[in-house]
Each structure stands twice: as C-alpha cells, then as structure tokens.
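**Q** Here you go, this is model34.cif (mmCIF, N, CA and C atoms).
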```cif
data_start
#
loop_
_atom_site.group_PDB
_atom_site.id
_atom_site.type_symbol
_atom_site.label_atom_id
_atom_site.label_comp_id
_atom_site.auth_asym_id
_atom_site.auth_seq_id
_atom_site.Cartn_x
_atom_site.Cartn_y
_atom_site.Cartn_z
ATOM 1 N N MET A 1 32.318 -8.074 -1.258
ATOM 2 C CA MET A 1 32.884 -9.326 -0.804
ATOM 3 C C MET A 1 34.276 -9.096 -0.212
ATOM 4 N N PHE A 2 35.069 -8.258 -0.871
ATOM 5 C CA PHE A 2 36.423 -7.959 -0.389
ATOM 6 C C PHE A 2 36.391 -7.366 1.017
ATOM 7 N N GLU A 3 35.452 -6.442 1.259
ATOM 8 C CA GLU A 3 35.350 -5.810 2.577
ATOM 9 C C GLU A 3 34.988 -6.818 3.661
ATOM 10 N N LYS A 4 34.153 -7.797 3.334
ATOM 11 C CA LYS A 4 33.780 -8.818 4.314
ATOM 12 C C LYS A 4 34.998 -9.662 4.691
ATOM 13 N N ILE A 5 35.822 -9.982 3.715
ATOM 14 C CA ILE A 5 37.032 -10.760 3.991
ATOM 15 C C ILE A 5 37.999 -9.958 4.846
ATOM 16 N N VAL A 6 38.186 -8.694 4.506
ATOM 17 C CA VAL A 6 39.079 -7.832 5.291
ATOM 18 C C VAL A 6 38.542 -7.674 6.709
ATOM 19 N N LEU A 7 37.230 -7.505 6.841
ATOM 20 C CA LEU A 7 36.616 -7.388 8.161
ATOM 21 C C LEU A 7 36.922 -8.626 9.002
ATOM 22 N N CYS A 8 36.758 -9.807 8.429
ATOM 23 C CA CYS A 8 37.015 -11.054 9.169
ATOM 24 C C CYS A 8 38.484 -11.187 9.541
ATOM 25 N N LEU A 9 39.370 -10.883 8.608
ATOM 26 C CA LEU A 9 40.802 -10.984 8.892
ATOM 27 C C LEU A 9 41.224 -9.989 9.964
ATOM 28 N N PHE A 10 40.703 -8.774 9.888
ATOM 29 C CA PHE A 10 41.015 -7.761 10.886
ATOM 30 C C PHE A 10 40.521 -8.193 12.259
ATOM 31 N N TYR A 11 39.300 -8.746 12.301
ATOM 32 C CA TYR A 11 38.740 -9.196 13.576
ATOM 33 C C TYR A 11 39.598 -10.308 14.183
ATOM 34 N N LEU A 12 39.989 -11.273 13.371
ATOM 35 C CA LEU A 12 40.779 -12.393 13.880
ATOM 36 C C LEU A 12 42.165 -11.955 14.332
ATOM 37 N N ARG A 13 42.719 -10.957 13.702
ATOM 38 C CA ARG A 13 44.064 -10.481 14.046
ATOM 39 C C ARG A 13 44.061 -9.589 15.284
ATOM 40 N N GLN A 14 43.124 -8.650 15.354
ATOM 41 C CA GLN A 14 43.113 -7.637 16.411
ATOM 42 C C GLN A 14 42.153 -7.944 17.558
ATOM 43 N N MET A 15 41.115 -8.732 17.308
ATOM 44 C CA MET A 15 40.077 -9.071 18.288
ATOM 45 C C MET A 15 39.430 -7.846 18.948
ATOM 46 N N PRO A 16 39.005 -6.854 18.148
ATOM 47 C CA PRO A 16 38.282 -5.722 18.747
ATOM 48 C C PRO A 16 36.847 -6.143 19.054
ATOM 49 N N SER A 17 36.152 -5.334 19.815
ATOM 50 C CA SER A 17 34.734 -5.628 20.030
ATOM 51 C C SER A 17 34.003 -5.402 18.706
ATOM 52 N N LEU A 18 32.856 -6.016 18.563
ATOM 53 C CA LEU A 18 32.110 -5.868 17.314
ATOM 54 C C LEU A 18 31.634 -4.432 17.128
ATOM 55 N N GLU A 19 31.424 -3.722 18.218
ATOM 56 C CA GLU A 19 31.020 -2.313 18.128
ATOM 57 C C GLU A 19 32.144 -1.485 17.492
ATOM 58 N N ILE A 20 33.376 -1.713 17.916
ATOM 59 C CA ILE A 20 34.529 -0.996 17.353
ATOM 60 C C ILE A 20 34.753 -1.420 15.911
ATOM 61 N N LEU A 21 34.607 -2.711 15.644
ATOM 62 C CA LEU A 21 34.775 -3.216 14.281
ATOM 63 C C LEU A 21 33.769 -2.559 13.337
ATOM 64 N N GLY A 22 32.523 -2.459 13.780
ATOM 65 C CA GLY A 22 31.500 -1.796 12.970
ATOM 66 C C GLY A 22 31.819 -0.334 12.740
ATOM 67 N N MET A 23 32.317 0.326 13.779
ATOM 68 C CA MET A 23 32.668 1.742 13.649
ATOM 69 C C MET A 23 33.809 1.924 12.644
ATOM 70 N N LEU A 24 34.797 1.063 12.681
ATOM 71 C CA LEU A 24 35.936 1.167 11.768
ATOM 72 C C LEU A 24 35.534 0.946 10.313
ATOM 73 N N PHE A 25 34.559 0.072 10.080
ATOM 74 C CA PHE A 25 34.132 -0.246 8.726
ATOM 75 C C PHE A 25 32.868 0.500 8.312
ATOM 76 N N GLY A 26 32.358 1.368 9.177
ATOM 77 C CA GLY A 26 31.191 2.182 8.840
ATOM 78 C C GLY A 26 29.897 1.393 8.744
ATOM 79 N N ILE A 27 29.774 0.346 9.563
ATOM 80 C CA ILE A 27 28.557 -0.453 9.582
ATOM 81 C C ILE A 27 28.119 -0.621 11.036
ATOM 82 N N SER A 28 26.933 -1.176 11.226
ATOM 83 C CA SER A 28 26.431 -1.363 12.589
ATOM 84 C C SER A 28 27.093 -2.580 13.242
ATOM 85 N N LYS A 29 26.971 -2.644 14.548
ATOM 86 C CA LYS A 29 27.524 -3.780 15.301
ATOM 87 C C LYS A 29 26.873 -5.083 14.842
ATOM 88 N N THR A 30 25.568 -5.039 14.612
ATOM 89 C CA THR A 30 24.841 -6.222 14.169
ATOM 90 C C THR A 30 25.313 -6.685 12.795
ATOM 91 N N GLU A 31 25.509 -5.733 11.887
ATOM 92 C CA GLU A 31 25.985 -6.077 10.544
ATOM 93 C C GLU A 31 27.407 -6.641 10.594
ATOM 94 N N ALA A 32 28.255 -6.096 11.458
ATOM 95 C CA ALA A 32 29.604 -6.622 11.623
ATOM 96 C C ALA A 32 29.543 -8.056 12.132
ATOM 97 N N ASN A 33 28.672 -8.320 13.085
ATOM 98 C CA ASN A 33 28.489 -9.670 13.614
ATOM 99 C C ASN A 33 27.993 -10.615 12.521
ATOM 100 N N ASP A 34 27.003 -10.189 11.764
ATOM 101 C CA ASP A 34 26.449 -11.029 10.688
ATOM 102 C C ASP A 34 27.509 -11.340 9.637
ATOM 103 N N ASN A 35 28.294 -10.323 9.260
ATOM 104 C CA ASN A 35 29.343 -10.534 8.247
ATOM 105 C C ASN A 35 30.407 -11.479 8.760
ATOM 106 N N PHE A 36 30.786 -11.361 10.013
ATOM 107 C CA PHE A 36 31.826 -12.225 10.558
ATOM 108 C C PHE A 36 31.340 -13.678 10.614
ATOM 109 N N HIS A 37 30.118 -13.891 11.041
ATOM 110 C CA HIS A 37 29.623 -15.254 11.186
ATOM 111 C C HIS A 37 29.197 -15.879 9.864
ATOM 112 N N TYR A 38 29.051 -15.072 8.821
ATOM 113 C CA TYR A 38 28.713 -15.605 7.493
ATOM 114 C C TYR A 38 29.930 -16.318 6.948
#
```
Spell out the structure here as structure tokens.
**A**
Amino acid sequence: MFEKIVLCLFYLRQMPSLEILGMLFGISKTEANDNFHY
C-alpha cells in the first residue's frame, strides 16, 4: 500500500510517462497505470 501511495505522489509531482514510472518502481507500464488510477 505504501508503494502505491509513493507511486501516485511521485507521478503527480514529476509527471513522468507511465513507462518510466513503471521502470523506476520495477513494475510494468500497465500495472503503474492501474495503481495510479486505483
């Protein structure tokens, strides 16, 4: 749960592409998208 919150905060602050966000957190682009929209 903590990682999902950090992922969302990082995305909102830096606005990287979801592909880069997934790479930074070691998950797929689709999973990064799903976590952000959850």
**Q** In Å to one decimal, how far is atom CA of A:Asn35 from atom CA of A:Lys4?
**A**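 Spanning atom CA of A:Lys4 to atom CA of A:Asn35 is a straight-line distance of 6.2 Å.
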**Q** If the PyMOL selection byres ((chain A and resi 19) around 8) were run on this exact file, what residues would it hold? Put them as an mmCIF file with N, CA and C atoms, in the frame of the given file.
**A**
```cif
data_model
loop_
_atom_site.group_PDB
_atom_site.id
_atom_site.type_symbol
_atom_site.label_atom_id
_atom_site.label_comp_id
_atom_site.auth_asym_id
_atom_site.auth_seq_id
_atom_site.Cartn_x
_atom_site.Cartn_y
_atom_site.Cartn_z
ATOM 1 N N PRO A 16 39.005 -6.854 18.148
ATOM 2 C CA PRO A 16 38.282 -5.722 18.747
ATOM 3 C C PRO A 16 36.847 -6.143 19.054
ATOM 4 N N SER A 17 36.152 -5.334 19.815
ATOM 5 C CA SER A 17 34.734 -5.628 20.030
ATOM 6 C C SER A 17 34.003 -5.402 18.706
ATOM 7 N N LEU A 18 32.856 -6.016 18.563
ATOM 8 C CA LEU A 18 32.110 -5.868 17.314
ATOM 9 C C LEU A 18 31.634 -4.432 17.128
ATOM 10 N N ILE A 20 33.376 -1.713 17.916
ATOM 11 C CA ILE A 20 34.529 -0.996 17.353
ATOM 12 C C ILE A 20 34.753 -1.420 15.911
ATOM 13 N N LEU A 21 34.607 -2.711 15.644
ATOM 14 C CA LEU A 21 34.775 -3.216 14.281
ATOM 15 C C LEU A 21 33.769 -2.559 13.337
ATOM 16 N N GLY A 22 32.523 -2.459 13.780
ATOM 17 C CA GLY A 22 31.500 -1.796 12.970
ATOM 18 C C GLY A 22 31.819 -0.334 12.740
ATOM 19 N N MET A 23 32.317 0.326 13.779
ATOM 20 C CA MET A 23 32.668 1.742 13.649
ATOM 21 C C MET A 23 33.809 1.924 12.644
ATOM 22 N N LEU A 24 34.797 1.063 12.681
ATOM 23 C CA LEU A 24 35.936 1.167 11.768
ATOM 24 C C LEU A 24 35.534 0.946 10.313
ATOM 25 N N PHE A 25 34.559 0.072 10.080
ATOM 26 C CA PHE A 25 34.132 -0.246 8.726
ATOM 27 C C PHE A 25 32.868 0.500 8.312
ATOM 28 N N ILE A 27 29.774 0.346 9.563
ATOM 29 C CA ILE A 27 28.557 -0.453 9.582
ATOM 30 C C ILE A 27 28.119 -0.621 11.036
ATOM 31 N N SER A 28 26.933 -1.176 11.226
ATOM 32 C CA SER A 28 26.431 -1.363 12.589
ATOM 33 C C SER A 28 27.093 -2.580 13.242
ATOM 34 N N LYS A 29 26.971 -2.644 14.548
ATOM 35 C CA LYS A 29 27.524 -3.780 15.301
ATOM 36 C C LYS A 29 26.873 -5.083 14.842
ATOM 37 N N THR A 30 25.568 -5.039 14.612
ATOM 38 C CA THR A 30 24.841 -6.222 14.169
ATOM 39 C C THR A 30 25.313 -6.685 12.795
ATOM 40 N N ALA A 32 28.255 -6.096 11.458
ATOM 41 C CA ALA A 32 29.604 -6.622 11.623
ATOM 42 C C ALA A 32 29.543 -8.056 12.132
ATOM 43 N N ASN A 33 28.672 -8.320 13.085
ATOM 44 C CA ASN A 33 28.489 -9.670 13.614
ATOM 45 C C ASN A 33 27.993 -10.615 12.521
#
```
**Q** Please compute the atom CA of A:Leu9-atom N of A:His37 distance, one decimal, in Å.
**A**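 That distance, rounded to one decimal, is 11.3 Å.
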**Q** Once DSSP has gone over the backbone, tell me which residues of chain A are in alpha helix (DSSP H), as a PyMOL selection string.
**A** chain A and resi 2-14+18-25+29-37
**Q** Could you check how far atom C of A:Cys8 sits from atom CA of A:Phe36, in Å to one decimal?
**A**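 Between these atoms lies a distance of 6.8 Å.
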**Q** All heavy atoms are needed for stretch 11-22 of chain A; please write them out as an mmCIF file, in the frame of the given file.
**A**
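Resulting contents of part_14.cif:
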```
data_model
loop_
_atom_site.group_PDB
_atom_site.id
_atom_site.type_symbol
_atom_site.label_atom_id
_atom_site.label_comp_id
_atom_site.auth_asym_id
_atom_site.auth_seq_id
_atom_site.Cartn_x
_atom_site.Cartn_y
_atom_site.Cartn_z
ATOM 1 N N TYR A 11 39.300 -8.746 12.301
ATOM 2 C CA TYR A 11 38.740 -9.196 13.576
ATOM 3 C C TYR A 11 39.598 -10.308 14.183
ATOM 4 O O TYR A 11 39.900 -10.293 15.375
ATOM 5 C CB TYR A 11 37.303 -9.686 13.381
ATOM 6 C CG TYR A 11 36.689 -10.181 14.665
ATOM 7 C CD1 TYR A 11 36.192 -9.286 15.604
ATOM 8 C CD2 TYR A 11 36.611 -11.536 14.943
ATOM 9 C CE1 TYR A 11 35.640 -9.719 16.795
ATOM 10 C CE2 TYR A 11 36.057 -11.982 16.130
ATOM 11 C CZ TYR A 11 35.572 -11.074 17.042
ATOM 12 O OH TYR A 11 35.028 -11.517 18.218
ATOM 13 N N LEU A 12 39.989 -11.273 13.371
ATOM 14 C CA LEU A 12 40.779 -12.393 13.880
ATOM 15 C C LEU A 12 42.165 -11.955 14.332
ATOM 16 O O LEU A 12 42.731 -12.511 15.266
ATOM 17 C CB LEU A 12 40.890 -13.484 12.815
ATOM 18 C CG LEU A 12 39.574 -14.208 12.511
ATOM 19 C CD1 LEU A 12 39.758 -15.118 11.311
ATOM 20 C CD2 LEU A 12 39.082 -14.981 13.718
ATOM 21 N N ARG A 13 42.719 -10.957 13.702
ATOM 22 C CA ARG A 13 44.064 -10.481 14.046
ATOM 23 C C ARG A 13 44.061 -9.589 15.284
ATOM 24 O O ARG A 13 44.883 -9.737 16.168
ATOM 25 C CB ARG A 13 44.649 -9.719 12.852
ATOM 26 C CG ARG A 13 45.963 -9.065 13.089
ATOM 27 C CD ARG A 13 47.084 -10.076 13.012
ATOM 28 N NE ARG A 13 48.344 -9.362 13.006
ATOM 29 C CZ ARG A 13 49.335 -9.665 13.805
ATOM 30 N NH1 ARG A 13 49.248 -10.677 14.626
ATOM 31 N NH2 ARG A 13 50.435 -8.981 13.763
ATOM 32 N N GLN A 14 43.124 -8.650 15.354
ATOM 33 C CA GLN A 14 43.113 -7.637 16.411
ATOM 34 C C GLN A 14 42.153 -7.944 17.558
ATOM 35 O O GLN A 14 42.316 -7.408 18.652
ATOM 36 C CB GLN A 14 42.758 -6.266 15.831
ATOM 37 C CG GLN A 14 43.697 -5.786 14.748
ATOM 38 C CD GLN A 14 45.106 -5.570 15.252
ATOM 39 O OE1 GLN A 14 45.302 -5.152 16.378
ATOM 40 N NE2 GLN A 14 46.096 -5.870 14.423
ATOM 41 N N MET A 15 41.115 -8.732 17.308
ATOM 42 C CA MET A 15 40.077 -9.071 18.288
ATOM 43 C C MET A 15 39.430 -7.846 18.948
ATOM 44 O O MET A 15 39.294 -7.784 20.178
ATOM 45 C CB MET A 15 40.632 -9.989 19.388
ATOM 46 C CG MET A 15 40.922 -11.371 18.911
ATOM 47 S SD MET A 15 39.407 -12.138 18.354
ATOM 48 C CE MET A 15 39.896 -13.819 18.361
ATOM 49 N N PRO A 16 39.005 -6.854 18.148
ATOM 50 C CA PRO A 16 38.282 -5.722 18.747
ATOM 51 C C PRO A 16 36.847 -6.143 19.054
ATOM 52 O O PRO A 16 36.383 -7.188 18.591
ATOM 53 C CB PRO A 16 38.297 -4.673 17.627
ATOM 54 C CG PRO A 16 38.268 -5.495 16.378
ATOM 55 C CD PRO A 16 39.093 -6.725 16.696
ATOM 56 N N SER A 17 36.152 -5.334 19.815
ATOM 57 C CA SER A 17 34.734 -5.628 20.030
ATOM 58 C C SER A 17 34.003 -5.402 18.706
ATOM 59 O O SER A 17 34.481 -4.680 17.826
ATOM 60 C CB SER A 17 34.154 -4.721 21.114
ATOM 61 O OG SER A 17 34.077 -3.395 20.655
ATOM 62 N N LEU A 18 32.856 -6.016 18.563
ATOM 63 C CA LEU A 18 32.110 -5.868 17.314
ATOM 64 C C LEU A 18 31.634 -4.432 17.128
ATOM 65 O O LEU A 18 31.480 -3.973 16.004
ATOM 66 C CB LEU A 18 30.937 -6.849 17.289
ATOM 67 C CG LEU A 18 31.347 -8.313 17.141
ATOM 68 C CD1 LEU A 18 30.138 -9.218 17.337
ATOM 69 C CD2 LEU A 18 31.994 -8.570 15.803
ATOM 70 N N GLU A 19 31.424 -3.722 18.218
ATOM 71 C CA GLU A 19 31.020 -2.313 18.128
ATOM 72 C C GLU A 19 32.144 -1.485 17.492
ATOM 73 O O GLU A 19 31.907 -0.668 16.613
ATOM 74 C CB GLU A 19 30.681 -1.779 19.508
ATOM 75 C CG GLU A 19 30.086 -0.395 19.489
ATOM 76 C CD GLU A 19 29.593 0.023 20.870
ATOM 77 O OE1 GLU A 19 29.418 -0.845 21.741
ATOM 78 O OE2 GLU A 19 29.401 1.228 21.042
ATOM 79 N N ILE A 20 33.376 -1.713 17.916
ATOM 80 C CA ILE A 20 34.529 -0.996 17.353
ATOM 81 C C ILE A 20 34.753 -1.420 15.911
ATOM 82 O O ILE A 20 35.055 -0.598 15.051
ATOM 83 C CB ILE A 20 35.787 -1.274 18.196
ATOM 84 C CG1 ILE A 20 35.544 -0.833 19.600
ATOM 85 C CG2 ILE A 20 37.019 -0.698 17.542
ATOM 86 C CD1 ILE A 20 36.436 0.152 20.225
ATOM 87 N N LEU A 21 34.607 -2.711 15.644
ATOM 88 C CA LEU A 21 34.775 -3.216 14.281
ATOM 89 C C LEU A 21 33.769 -2.559 13.337
ATOM 90 O O LEU A 21 34.127 -2.123 12.244
ATOM 91 C CB LEU A 21 34.589 -4.732 14.283
ATOM 92 C CG LEU A 21 34.922 -5.475 13.005
ATOM 93 C CD1 LEU A 21 36.404 -5.329 12.677
ATOM 94 C CD2 LEU A 21 34.553 -6.931 13.131
ATOM 95 N N GLY A 22 32.523 -2.459 13.780
ATOM 96 C CA GLY A 22 31.500 -1.796 12.970
ATOM 97 C C GLY A 22 31.819 -0.334 12.740
ATOM 98 O O GLY A 22 31.647 0.187 11.643
#
```
